[in-house]
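Novice: Structure file work-v9.pdb (PDB, C-alpha atoms) right here:
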ATOM      1  CA  MET X   1      10.473-106.848  35.605  1.00  0.00           C
ATOM      2  CA  GLN X   2      10.356-110.235  37.334  1.00  0.00           C
ATOM      3  CA  THR X   3      12.069-111.083  40.616  1.00  0.00           C
ATOM      4  CA  GLN X   4      14.895-112.880  38.823  1.00  0.00           C
ATOM      5  CA  ASP X   5      15.545-109.793  36.676  1.00  0.00           C
ATOM      6  CA  ILE X   6      15.886-107.706  39.833  1.00  0.00           C
ATOM      7  CA  THR X   7      18.126-110.175  41.684  1.00  0.00           C
ATOM      8  CA  ASN X   8      20.414-110.629  38.671  1.00  0.00           C
ATOM      9  CA  ALA X   9      20.711-106.896  38.029  1.00  0.00           C
ATOM     10  CA  LEU X  10      21.363-105.931  41.654  1.00  0.00           C
ATOM     11  CA  GLY X  11      23.273-109.027  42.789  1.00  0.00           C
ATOM     12  CA  ILE X  12      20.890-109.729  45.667  1.00  0.00           C
ATOM     13  CA  THR X  13      18.722-112.673  46.663  1.00  0.00           C
ATOM     14  CA  ARG X  14      14.957-113.072  46.803  1.00  0.00           C
ATOM     15  CA  GLU X  15      15.332-113.218  50.579  1.00  0.00           C
ATOM     16  CA  ARG X  16      16.867-109.741  50.579  1.00  0.00           C
ATOM     17  CA  ILE X  17      13.818-108.337  48.787  1.00  0.00           C
ATOM     18  CA  LYS X  18      11.538-110.129  51.265  1.00  0.00           C
ATOM     19  CA  TYR X  19      13.579-108.681  54.116  1.00  0.00           C
ATOM     20  CA  TYR X  20      13.220-105.123  52.772  1.00  0.00           C
ATOM     21  CA  LYS X  21       9.465-105.678  52.463  1.00  0.00           C
ATOM     22  CA  LYS X  22       9.151-107.152  55.950  1.00  0.00           C
ATOM     23  CA  ALA X  23      11.184-104.286  57.410  1.00  0.00           C
ATOM     24  CA  GLY X  24       8.727-101.878  55.819  1.00  0.00           C
ATOM     25  CA  VAL X  25      11.246 -99.961  53.720  1.00  0.00           C
ATOM     26  CA  PHE X  26      10.111-101.361  50.355  1.00  0.00           C
ATOM     27  CA  VAL X  27       6.542-101.680  49.060  1.00  0.00           C
ATOM     28  CA  PRO X  28       6.165-102.807  45.409  1.00  0.00           C
ATOM     29  CA  GLU X  29       3.835-100.661  43.316  1.00  0.00           C
ATOM     30  CA  ASN X  30       1.969-103.649  41.856  1.00  0.00           C
ATOM     31  CA  PRO X  31       0.002-106.221  43.889  1.00  0.00           C
ATOM     32  CA  VAL X  32       1.020-109.876  44.006  1.00  0.00           C
ATOM     33  CA  VAL X  33      -0.800-111.909  41.325  1.00  0.00           C
ATOM     34  CA  ASN X  34      -0.671-115.719  41.460  1.00  0.00           C
ATOM     35  CA  GLY X  35       2.293-115.509  43.805  1.00  0.00           C
ATOM     36  CA  LYS X  36       4.303-113.253  41.479  1.00  0.00           C
ATOM     37  CA  THR X  37       5.078-109.538  41.501  1.00  0.00           C
ATOM     38  CA  GLU X  38       5.679-107.489  38.380  1.00  0.00           C
ATOM     39  CA  PHE X  39       8.233-104.911  39.469  1.00  0.00           C
ATOM     40  CA  THR X  40       8.171-101.453  37.940  1.00  0.00           C
ATOM     41  CA  ASP X  41      11.136 -99.280  36.966  1.00  0.00           C
ATOM     42  CA  ARG X  42      10.463 -97.246  40.107  1.00  0.00           C
ATOM     43  CA  ASP X  43      10.584-100.435  42.203  1.00  0.00           C
ATOM     44  CA  PHE X  44      13.934-101.237  40.634  1.00  0.00           C
ATOM     45  CA  GLU X  45      15.328 -97.779  41.460  1.00  0.00           C
ATOM     46  CA  ASN X  46      13.979 -97.989  45.023  1.00  0.00           C
ATOM     47  CA  LEU X  47      15.631-101.378  45.547  1.00  0.00           C
ATOM     48  CA  LYS X  48      18.871-100.114  44.043  1.00  0.00           C
ATOM     49  CA  ARG X  49      18.749 -97.199  46.504  1.00  0.00           C
ATOM     50  CA  LEU X  50      18.211 -99.607  49.413  1.00  0.00           C
ATOM     51  CA  VAL X  51      21.129-101.809  48.335  1.00  0.00           C
ATOM     52  CA  ILE X  52      23.396 -98.743  48.147  1.00  0.00           C
ATOM     53  CA  LEU X  53      22.348 -97.556  51.607  1.00  0.00           C
ATOM     54  CA  THR X  54      22.622-100.953  53.307  1.00  0.00           C
ATOM     55  CA  LYS X  55      26.006-101.631  51.694  1.00  0.00           C
ATOM     56  CA  SER X  56      27.156 -98.294  53.128  1.00  0.00           C
ATOM     57  CA  GLY X  57      26.322 -99.597  56.602  1.00  0.00           C
ATOM     58  CA  LEU X  58      22.807 -98.279  57.216  1.00  0.00           C
ATOM     59  CA  SER X  59      20.261-100.618  58.751  1.00  0.00           C
ATOM     60  CA  CYS X  60      16.654-100.823  57.631  1.00  0.00           C
ATOM     61  CA  ALA X  61      15.781 -99.150  60.936  1.00  0.00           C
ATOM     62  CA  ASP X  62      18.023 -96.231  59.921  1.00  0.00           C
ATOM     63  CA  ILE X  63      16.398 -96.040  56.487  1.00  0.00           C
ATOM     64  CA  LYS X  64      12.921 -96.171  58.026  1.00  0.00           C
ATOM     65  CA  LYS X  65      13.758 -93.098  60.097  1.00  0.00           C
ATOM     66  CA  VAL X  66      14.570 -91.232  56.881  1.00  0.00           C
ATOM     67  CA  GLN X  67      11.456 -92.461  55.080  1.00  0.00           C
ATOM     68  CA  THR X  68       9.187 -91.394  57.961  1.00  0.00           C
ATOM     69  CA  GLY X  69      10.908 -88.044  58.408  1.00  0.00           C
ATOM     70  CA  THR X  70      12.159 -88.867  61.906  1.00  0.00           C
ATOM     71  CA  LYS X  71      15.710 -88.069  60.820  1.00  0.00           C
ATOM     72  CA  SER X  72      17.407 -86.784  57.689  1.00  0.00           C
ATOM     73  CA  LEU X  73      19.647 -88.999  55.560  1.00  0.00           C
ATOM     74  CA  ARG X  74      22.650 -86.965  56.640  1.00  0.00           C
ATOM     75  CA  GLU X  75      21.756 -87.469  60.321  1.00  0.00           C
ATOM     76  CA  VAL X  76      21.458 -91.271  60.103  1.00  0.00           C
ATOM     77  CA  ILE X  77      24.632 -91.473  57.993  1.00  0.00           C
ATOM     78  CA  ASN X  78      26.527 -89.425  60.587  1.00  0.00           C
ATOM     79  CA  ASP X  79      25.177 -91.624  63.403  1.00  0.00           C
ATOM     80  CA  ARG X  80      26.155 -94.822  61.577  1.00  0.00           C
ATOM     81  CA  GLN X  81      29.591 -93.478  60.603  1.00  0.00           C
ATOM     82  CA  ASN X  82      30.316 -92.604  64.229  1.00  0.00           C
ATOM     83  CA  ALA X  83      29.236 -96.084  65.353  1.00  0.00           C
ATOM     84  CA  ILE X  84      31.383 -97.746  62.669  1.00  0.00           C
ATOM     85  CA  ARG X  85      34.396 -95.567  63.491  1.00  0.00           C
ATOM     86  CA  GLU X  86      34.119 -96.431  67.188  1.00  0.00           C
ATOM     87  CA  GLU X  87      33.799-100.144  66.429  1.00  0.00           C
ATOM     88  CA  ILE X  88      36.787-100.000  64.069  1.00  0.00           C
ATOM     89  CA  GLU X  89      38.776 -98.162  66.757  1.00  0.00           C
ATOM     90  CA  ARG X  90      37.908-100.864  69.289  1.00  0.00           C
ATOM     91  CA  MET X  91      38.803-103.690  66.901  1.00  0.00           C
ATOM     92  CA  THR X  92      42.045-101.994  65.834  1.00  0.00           C
ATOM     93  CA  GLY X  93      42.968-101.385  69.468  1.00  0.00           C
ATOM     94  CA  SER X  94      42.301-104.995  70.414  1.00  0.00           C
ATOM     95  CA  LEU X  95      44.272-106.306  67.429  1.00  0.00           C
ATOM     96  CA  ALA X  96      47.295-104.152  68.297  1.00  0.00           C
ATOM     97  CA  LEU X  97      46.973-105.076  71.964  1.00  0.00           C
ATOM     98  CA  SER X  98      46.907-108.814  71.281  1.00  0.00           C
ATOM     99  CA  GLU X  99      49.904-108.525  68.974  1.00  0.00           C
ATOM    100  CA  GLU X 100      51.851-106.590  71.604  1.00  0.00           C
ATOM    101  CA  LEU X 101      50.927-108.736  74.609  1.00  0.00           C
ATOM    102  CA  PHE X 102      51.164-112.137  72.974  1.00  0.00           C
ATOM    103  CA  ALA X 103      54.083-111.625  70.608  1.00  0.00           C
ATOM    104  CA  ALA X 104      56.091-114.363  72.316  1.00  0.00           C
ATOM    105  CA  ASP X 105      55.331-117.874  71.060  1.00  0.00           C
ATOM    106  CA  ASP X 106      55.743-119.407  74.519  1.00  0.00           C
ATOM    107  CA  VAL X 107      52.932-117.468  76.257  1.00  0.00           C
ATOM    108  CA  GLN X 108      50.612-119.985  77.937  1.00  0.00           C
ATOM    109  CA  TYR X 109      47.162-119.557  79.441  1.00  0.00           C
ATOM    110  CA  ASP X 110      48.051-120.767  82.957  1.00  0.00           C
ATOM    111  CA  SER X 111      51.407-118.996  83.191  1.00  0.00           C
ATOM    112  CA  MET X 112      50.773-115.663  81.462  1.00  0.00           C
ATOM    113  CA  PRO X 113      51.930-112.646  83.537  1.00  0.00           C
ATOM    114  CA  THR X 114      48.404-111.518  84.376  1.00  0.00           C
ATOM    115  CA  GLU X 115      49.242-108.540  86.621  1.00  0.00           C
ATOM    116  CA  GLU X 116      51.806-107.210  84.168  1.00  0.00           C
ATOM    117  CA  TYR X 117      49.304-107.414  81.316  1.00  0.00           C
ATOM    118  CA  TRP X 118      46.535-105.909  83.467  1.00  0.00           C
ATOM    119  CA  GLN X 119      48.619-102.859  84.355  1.00  0.00           C
ATOM    120  CA  PHE X 120      49.680-102.507  80.736  1.00  0.00           C
ATOM    121  CA  ILE X 121      46.024-102.365  79.619  1.00  0.00           C
ATOM    122  CA  LYS X 122      45.141 -99.891  82.389  1.00  0.00           C
ATOM    123  CA  ARG X 123      47.903 -97.541  81.193  1.00  0.00           C
ATOM    124  CA  LYS X 124      46.639 -97.798  77.617  1.00  0.00           C
ATOM    125  CA  GLU X 125      43.046 -97.060  78.648  1.00  0.00           C
ATOM    126  CA  GLN X 126      44.113 -94.105  80.788  1.00  0.00           C
ATOM    127  CA  ALA X 127      45.873 -92.770  77.696  1.00  0.00           C
ATOM    128  CA  GLY X 128      42.536 -92.849  75.857  1.00  0.00           C
ATOM    129  CA  GLU X 129      42.760 -96.109  73.925  1.00  0.00           C
ATOM    130  CA  ILE X 130      39.653 -98.316  73.722  1.00  0.00           C
ATOM    131  CA  PHE X 131      39.317-102.055  73.180  1.00  0.00           C
ATOM    132  CA  MET X 132      36.725-104.712  72.509  1.00  0.00           C
ATOM    133  CA  ASP X 133      35.336-106.120  75.738  1.00  0.00           C
ATOM    134  CA  ILE X 134      33.117-109.122  75.015  1.00  0.00           C
ATOM    135  CA  ASP X 135      31.738-111.372  77.735  1.00  0.00           C
ATOM    136  CA  ASP X 136      28.666-113.561  78.124  1.00  0.00           C
ATOM    137  CA  GLY X 137      26.441-110.673  79.191  1.00  0.00           C
ATOM    138  CA  TYR X 138      27.619-108.082  76.648  1.00  0.00           C
ATOM    139  CA  TYR X 139      25.863-107.306  73.375  1.00  0.00           C
ATOM    140  CA  PRO X 140      28.411-105.780  70.958  1.00  0.00           C
ATOM    141  CA  VAL X 141      25.585-104.579  68.701  1.00  0.00           C
ATOM    142  CA  SER X 142      23.197-102.114  70.297  1.00  0.00           C
ATOM    143  CA  LEU X 143      19.685-103.458  70.812  1.00  0.00           C
ATOM    144  CA  SER X 144      18.187-100.005  71.364  1.00  0.00           C
ATOM    145  CA  ARG X 145      15.727 -98.973  68.673  1.00  0.00           C
ATOM    146  CA  ASP X 146      13.424 -96.027  67.962  1.00  0.00           C
ATOM    147  CA  ILE X 147       9.872 -97.308  67.525  1.00  0.00           C
ATOM    148  CA  ARG X 148       6.637 -95.573  66.596  1.00  0.00           C
ATOM    149  CA  CYS X 149       3.839 -96.291  69.059  1.00  0.00           C
ATOM    150  CA  PRO X 150       0.813 -97.769  67.221  1.00  0.00           C
ATOM    151  CA  HIS X 151      -1.481 -95.931  69.671  1.00  0.00           C
ATOM    152  CA  CYS X 152      -0.222 -92.331  69.821  1.00  0.00           C
ATOM    153  CA  ARG X 153       2.173 -92.465  66.814  1.00  0.00           C
ATOM    154  CA  GLU X 154       4.969 -90.891  68.843  1.00  0.00           C
ATOM    155  CA  VAL X 155       8.539 -92.166  68.334  1.00  0.00           C
ATOM    156  CA  VAL X 156      10.194 -93.492  71.486  1.00  0.00           C
ATOM    157  CA  THR X 157      13.474 -95.292  72.157  1.00  0.00           C
ATOM    158  CA  VAL X 158      13.246 -98.833  73.536  1.00  0.00           C
ATOM    159  CA  ASP X 159      16.101-101.012  74.790  1.00  0.00           C
ATOM    160  CA  LEU X 160      15.148-104.419  73.375  1.00  0.00           C
ATOM    161  CA  GLU X 161      17.829-106.082  75.492  1.00  0.00           C
ATOM    162  CA  ASN X 162      15.267-105.987  78.302  1.00  0.00           C
ATOM    163  CA  TYR X 163      13.035-108.399  76.345  1.00  0.00           C
ATOM    164  CA  VAL X 164      15.567-110.876  74.917  1.00  0.00           C
ATOM    165  CA  TYR X 165      14.404-114.437  75.615  1.00  0.00           C
ATOM    166  CA  ASP X 166      16.839-116.334  73.394  1.00  0.00           C
ATOM    167  CA  GLN X 167      20.347-115.820  72.040  1.00  0.00           C
ATOM    168  CA  SER X 168      21.257-118.406  69.425  1.00  0.00           C
ATOM    169  CA  SER X 169      24.558-118.882  67.649  1.00  0.00           C
ATOM    170  CA  ASP X 170      25.572-120.839  64.568  1.00  0.00           C
ATOM    171  CA  GLU X 171      29.229-121.340  63.652  1.00  0.00           C
ATOM    172  CA  LYS X 172      29.936-120.555  59.994  1.00  0.00           C
ATOM    173  CA  GLU X 173      32.447-122.335  57.770  1.00  0.00           C
ATOM    174  CA  ASN X 174      33.786-119.251  55.990  1.00  0.00           C
ATOM    175  CA  GLY X 175      36.301-118.265  58.650  1.00  0.00           C
ATOM    176  CA  MET X 176      34.293-115.276  59.890  1.00  0.00           C
ATOM    177  CA  GLY X 177      33.124-116.978  63.074  1.00  0.00           C
ATOM    178  CA  PRO X 178      29.590-117.477  64.368  1.00  0.00           C
ATOM    179  CA  ASP X 179      26.544-115.325  63.917  1.00  0.00           C
ATOM    180  CA  ILE X 180      24.408-114.314  66.896  1.00  0.00           C
ATOM    181  CA  VAL X 181      20.638-113.906  66.709  1.00  0.00           C
ATOM    182  CA  TYR X 182      18.877-112.097  69.551  1.00  0.00           C
ATOM    183  CA  SER X 183      15.177-112.989  69.770  1.00  0.00           C
ATOM    184  CA  PHE X 184      12.971-110.691  71.831  1.00  0.00           C
ATOM    185  CA  ASP X 185       9.317-110.310  72.807  1.00  0.00           C
ATOM    186  CA  SER X 186       8.007-107.630  75.159  1.00  0.00           C
ATOM    187  CA  GLU X 187       4.579-109.357  75.378  1.00  0.00           C
ATOM    188  CA  ASN X 188       2.548-107.173  77.804  1.00  0.00           C
ATOM    189  CA  ASN X 189       5.561-105.739  79.626  1.00  0.00           C
ATOM    190  CA  TYR X 190       6.111-102.528  77.676  1.00  0.00           C
ATOM    191  CA  GLU X 191       4.094 -99.337  78.090  1.00  0.00           C
ATOM    192  CA  CYS X 192       4.592 -96.445  75.697  1.00  0.00           C
ATOM    193  CA  ALA X 193       6.448 -93.668  77.530  1.00  0.00           C
ATOM    194  CA  GLU X 194       4.219 -91.094  75.849  1.00  0.00           C
ATOM    195  CA  CYS X 195       0.661 -92.509  76.119  1.00  0.00           C
ATOM    196  CA  SER X 196       1.091 -95.406  78.614  1.00  0.00           C
ATOM    197  CA  HIS X 197      -0.694 -97.898  76.333  1.00  0.00           C
ATOM    198  CA  LEU X 198       0.618-101.459  76.132  1.00  0.00           C
ATOM    199  CA  VAL X 199       2.691-102.191  73.034  1.00  0.00           C
ATOM    200  CA  ARG X 200       4.025-105.562  71.938  1.00  0.00           C
ATOM    201  CA  ILE X 201       7.468-105.519  70.292  1.00  0.00           C
ATOM    202  CA  ASN X 202       8.862-108.811  69.003  1.00  0.00           C
ATOM    203  CA  GLY X 203      11.305-110.091  66.436  1.00  0.00           C
ATOM    204  CA  TRP X 204      15.037-110.644  66.104  1.00  0.00           C
ATOM    205  CA  ILE X 205      18.341-108.852  65.456  1.00  0.00           C
ATOM    206  CA  ARG X 206      21.229-110.680  63.812  1.00  0.00           C
ATOM    207  CA  GLU X 207      24.875-109.920  64.457  1.00  0.00           C
ATOM    208  CA  TYR X 208      27.418-111.265  61.963  1.00  0.00           C
ATOM    209  CA  PRO X 209      30.319-111.445  62.260  1.00  0.00           C
ATOM    210  CA  VAL X 210      30.542-110.923  66.030  1.00  0.00           C
ATOM    211  CA  GLY X 211      30.470-107.207  66.748  1.00  0.00           C
ATOM    212  CA  ALA X 212      28.888-106.219  63.427  1.00  0.00           C
ATOM    213  CA  TYR X 213      25.243-105.510  62.633  1.00  0.00           C
ATOM    214  CA  ASP X 214      23.772-107.758  59.921  1.00  0.00           C
ATOM    215  CA  SER X 215      19.965-107.621  59.774  1.00  0.00           C
ATOM    216  CA  GLU X 216      16.790-107.463  61.824  1.00  0.00           C
ATOM    217  CA  SER X 217      13.050-107.999  61.833  1.00  0.00           C
ATOM    218  CA  ILE X 218      10.996-105.991  64.334  1.00  0.00           C
ATOM    219  CA  ASN X 219       7.203-106.122  64.692  1.00  0.00           C
ATOM    220  CA  ILE X 220       5.344-103.389  66.608  1.00  0.00           C
ATOM    221  CA  ASN X 221       1.676-103.864  67.450  1.00  0.00           C
ATOM    222  CA  LYS X 222      -0.984-102.953  69.981  1.00  0.00           C
ATOM    223  CA  TRP X 223      -1.054-105.533  72.763  1.00  0.00           C
ATOM    224  CA  GLU X 224      -3.909-107.987  72.501  1.00  0.00           C
ATOM    225  CA  ASP X 225      -4.577-110.710  75.093  1.00  0.00           C
TER     226      ASP X 225
END
For the structure just supplied, provide its representation as structure tokens.

Specialist:
Amino acid sequence: MQTQDITNALGITRERIKYYKKAGVFVPENPVVNGKTEFTDRDFENLKRLVILTKSGLSCADIKKVQTGTKSLREVINDRQNAIREEIERMTGSLALSEELFAADDVQYDSMPTEEYWQFIKRKEQAGEIFMDIDDGYYPVSLSRDIRCPHCREVVTVDLENYVYDQSSDEKENGMGPDIVYSFDSENNYECAECSHLVRINGWIREYPVGAYDSESININKWED
């Protein structure tokens, strides 16, 4: 099967296949010849499996954990479902809150009853309700990832927020708002918690729409000056 056969059958782009390959969750059985790959039936089934899993909300990082035996499929599905449920709860809470607080057409920014609204929110939160809370220093999508150290091969959790050097945003025209791309590079500032060797972790994580995970590319290598 050629790339076009795969993309037509699965309704994905060439870039999606490249992304799966770069994320390390898909390796075609046949080598590239003259810039082309002849995909096997097993490749097709593997890609179909990846499309199913990513459409269900799993990230390639989640899938990699299953492929390497770090976690079972049921474990990563449960983790992702809990994260999605919490995000839905926050979004639903914020939607209901905005509808309740700003129902009146004449509410203005400078004259809104701030203290009244503040106390109203406090009562809601004390009752157990949760809301979105986005500001300039808040990353709605978690930047923590489990990585496998290239030295000792142990899996450790790293908060990539500590190594973000750029946060870019591009407004879309489809009504879903901007995307956010977090670019990070640990350079020589991360030591494996297990073996203390220097590890370089770089790449990006894309959030789109705001508050929702979209895609990522993470490279993990031994540090070299």

Novice: May I have the centre and edge lengths, in Å to one decimal, of an axis-aligned box around the listed atoms of segment 202-219 of chain X with 6 Å added to every side, as AutoDock Vina command-line options?

Specialist:
--center_x 18.9 --center_y -108.5 --center_z 64.4 --size_x 35.3 --size_y 17.9 --size_z 21.2

Novice: Which residues fall under the PyMOL selection byres ((chain X and resi 160-165) around 12) in this file, as a PyMOL selection string?

Specialist: chain X and resi 137-147+157-159+166-168+181-190+200-205+218-220

Novice: Spell out the residues picked by the PyMOL selection byres ((chain X and resi 26) around 10) here, as a ChimeraX atom specification.

Specialist: /X:17-25,27-29,43,46-47,50,60,64

Novice: Do you have the atom CA of Ile63 of chain X-atom CA of Asn82 of chain X distance handy?

Specialist: 16.3 Å

Novice: Figure out the distance between atom CA of Asn8 of chain X and atom CA of Gln81 of chain X, please, to one decimal in Å.

Specialist: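 Atom-to-atom, atom CA of Gln81 of chain X and atom CA of Asn8 of chain X are spaced 29.3 Å apart.
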
Novice: Any chance you could resolve the PyMOL selection byres ((chain X and resi 71-79) around 12) against this file and give the residues as a list in words?

Specialist: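 Answer for the PyMOL selection byres ((chain X and resi 71-79) around 12): Leu53, Thr54, Ser56, Gly57, Leu58, Ser59, Cys60, Ala61, Asp62, Ile63, Lys64, Lys65, Val66, Gln67, Thr68, Gly69, Thr70, Arg80, Gln81, Asn82, Ala83, Ile84, Arg85, Glu86, Asp146 and Val155 of chain X.
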
Novice: From the options X:Tyr109, X:Phe44, X:Trp118, X:Phe131, which residue's atoms come nearest to Glu89 of chain X, counting all atoms listed in the file?

Specialist: X:Phe131

Novice: With a distance cut-off of 10 Å and all atoms listed in the file, select the neighbouring residues of Met91 of chain X, excluding the residue or stretch itself and same-chain residues fewer than 4 positions from it, and output the selection as a list in words.

Specialist: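 What passes the distance filter is Arg85, Glu86, Glu87, Leu95, Ala96, Leu97, Ile130, Phe131, Met132, Asp133 and Gly211 of chain X.
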
Novice: Using only C-alpha atoms, which of the listed residues (X:Gln119, X:Gln2, X:Thr7, X:Ser217) sits closest to Thr37 of chain X?

Specialist: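 Nearest to Thr37 of chain X: X:Gln2.
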
Novice: For the atom pair atom CA of Arg90 of chain X and atom CA of Val210 of chain X, what is the interatomic distance in Å to one decimal place?

Specialist: 12.9 Å

Novice: Would you pick out the contacts of Leu101 of chain X at 10 Å or less, using all atoms listed in the file, so that residues sharing its chain but fewer than 5 positions from it are not included, and give the list as number ranges by chain?

Specialist: X: 96, 107, 112-113, 116-117, 120-121

Novice: Which is closer to Val51 of chain X than all the others in X:Leu10, X:Gly128, X:Gln108, X:Asp5, using all atoms listed in the file?

Specialist: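 Result for the nearest residue to Val51 of chain X: X:Leu10.
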
Novice: For each of X:Thr40, X:Thr92, X:Ser196, X:Asn30, take the minimum atom-to-atom distance to Met1 of chain X, counting all atoms listed in the file, then give the residue where this is smallest.

Specialist: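 Distance minimum relative to Met1 of chain X lands on X:Thr40.
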
Novice: Pick out the closest residue to Arg153 of chain X from this set: X:Thr114, X:Asn221, X:Ser215, X:Thr13. Count only C-alpha atoms.

Specialist: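 Smallest distance to Arg153 of chain X is found for X:Asn221.
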